[in-house]
Amino acid sequence: MAGKPAFGGYTINFAGRKETVEQVFGSKPIPPSQMTKLLWKYVKEKKLSSK
């Protein structure tokens, strides 16, 4: 599957990021749905995705 494009056509690159999980998601437990929303918010703010 090396040549297969990413699901949805997005490529996300976290190389060089120094943020911790707590900095992205916070220190309180959150449900997976909220985690997904926060992760995409972070990716969009930092412009880490490309098609």
# chains A, B, ... in the order shown; residues from 1 in each chain; ligands from 1
>>> residues_around(residues="Gly9 (chain A)", least_positions_apart="5", cutoff="12 Å", atoms="only C-alpha atoms", output="list in words")
Lys4, Ser49, Ser50 and Lys51 of chain A
>>> select_by_dssp(residues="chain A", states="helix (DSSP H, G or I)", output="PyMOL selection string")
chain A and resi 7-9+21-25+32-46
>>> closest_atom_pairs(of="region 3-26 of chain A", to="region 39-44 of chain A", cutoff="8 Å", atoms="only C-alpha atoms", output="tab-separated table")
residue	atom	partner	partner_atom	distance
A:Ile12	CA	A:Val43	CA	7.7
A:Val24	CA	A:Tyr42	CA	7.0
A:Phe25	CA	A:Leu39	CA	7.6
>>> select_by_dssp(residues="chain A", states="strand (DSSP E or B)", output="list in words")
Thr11, Ile12, Ser49 and Ser50 of chain A
>>> closest_residue(among="A:Gly3, A:Leu48, A:Leu38, A:Ser33", to="Val21 (chain A)", atoms="only C-alpha atoms")
A:Leu38
>>> decode(residues="region 9-30 of chain A", atoms="N, CA and C atoms", output="compact mmCIF listing (two decimals), in the first residue's frame")
# COMPACT_ATOMS: atom_id res chain seq x y z
N GLY A 9 -7.69 11.97 0.91
CA GLY A 9 -6.80 12.78 0.12
C GLY A 9 -5.92 13.75 0.90
N TYR A 10 -5.98 13.73 2.22
CA TYR A 10 -5.17 14.64 3.03
C TYR A 10 -3.89 13.97 3.51
N THR A 11 -2.82 14.74 3.51
CA THR A 11 -1.57 14.31 4.10
C THR A 11 -1.29 15.26 5.25
N ILE A 12 -1.00 14.71 6.42
CA ILE A 12 -0.71 15.54 7.59
C ILE A 12 0.72 15.25 8.03
N ASN A 13 1.49 16.32 8.22
CA ASN A 13 2.89 16.18 8.60
C ASN A 13 3.14 16.88 9.92
N PHE A 14 3.48 16.09 10.95
CA PHE A 14 3.76 16.64 12.28
C PHE A 14 5.26 16.81 12.54
N ALA A 15 6.09 16.63 11.53
CA ALA A 15 7.54 16.72 11.69
C ALA A 15 7.94 18.10 12.22
N GLY A 16 8.80 18.09 13.21
CA GLY A 16 9.32 19.34 13.76
C GLY A 16 8.44 19.99 14.81
N ARG A 17 7.28 19.41 15.12
CA ARG A 17 6.39 19.98 16.13
C ARG A 17 6.92 19.65 17.51
N LYS A 18 6.83 20.58 18.43
CA LYS A 18 7.35 20.37 19.78
C LYS A 18 6.25 20.38 20.85
N GLU A 19 4.99 20.57 20.45
CA GLU A 19 3.89 20.59 21.40
C GLU A 19 3.67 19.21 22.01
N THR A 20 3.27 19.19 23.27
CA THR A 20 2.95 17.94 23.93
C THR A 20 1.47 17.63 23.71
N VAL A 21 1.08 16.42 24.06
CA VAL A 21 -0.32 16.02 23.95
C VAL A 21 -1.19 16.92 24.83
N GLU A 22 -0.69 17.24 26.02
CA GLU A 22 -1.44 18.11 26.94
C GLU A 22 -1.64 19.51 26.35
N GLN A 23 -0.67 20.01 25.61
CA GLN A 23 -0.80 21.33 25.00
C GLN A 23 -1.86 21.33 23.90
N VAL A 24 -2.02 20.23 23.22
CA VAL A 24 -3.00 20.15 22.13
C VAL A 24 -4.39 19.82 22.67
N PHE A 25 -4.50 18.83 23.58
CA PHE A 25 -5.79 18.34 24.04
C PHE A 25 -6.19 18.83 25.44
N GLY A 26 -5.27 19.38 26.20
CA GLY A 26 -5.57 19.75 27.57
C GLY A 26 -5.28 18.60 28.50
N SER A 27 -5.36 18.84 29.80
CA SER A 27 -4.98 17.81 30.77
C SER A 27 -6.17 17.02 31.31
N LYS A 28 -7.40 17.45 31.01
CA LYS A 28 -8.58 16.73 31.48
C LYS A 28 -8.98 15.66 30.48
N PRO A 29 -9.57 14.55 30.96
CA PRO A 29 -10.05 13.51 30.04
C PRO A 29 -11.15 14.05 29.12
N ILE A 30 -11.08 13.69 27.85
CA ILE A 30 -12.09 14.11 26.87
C ILE A 30 -12.50 12.90 26.04
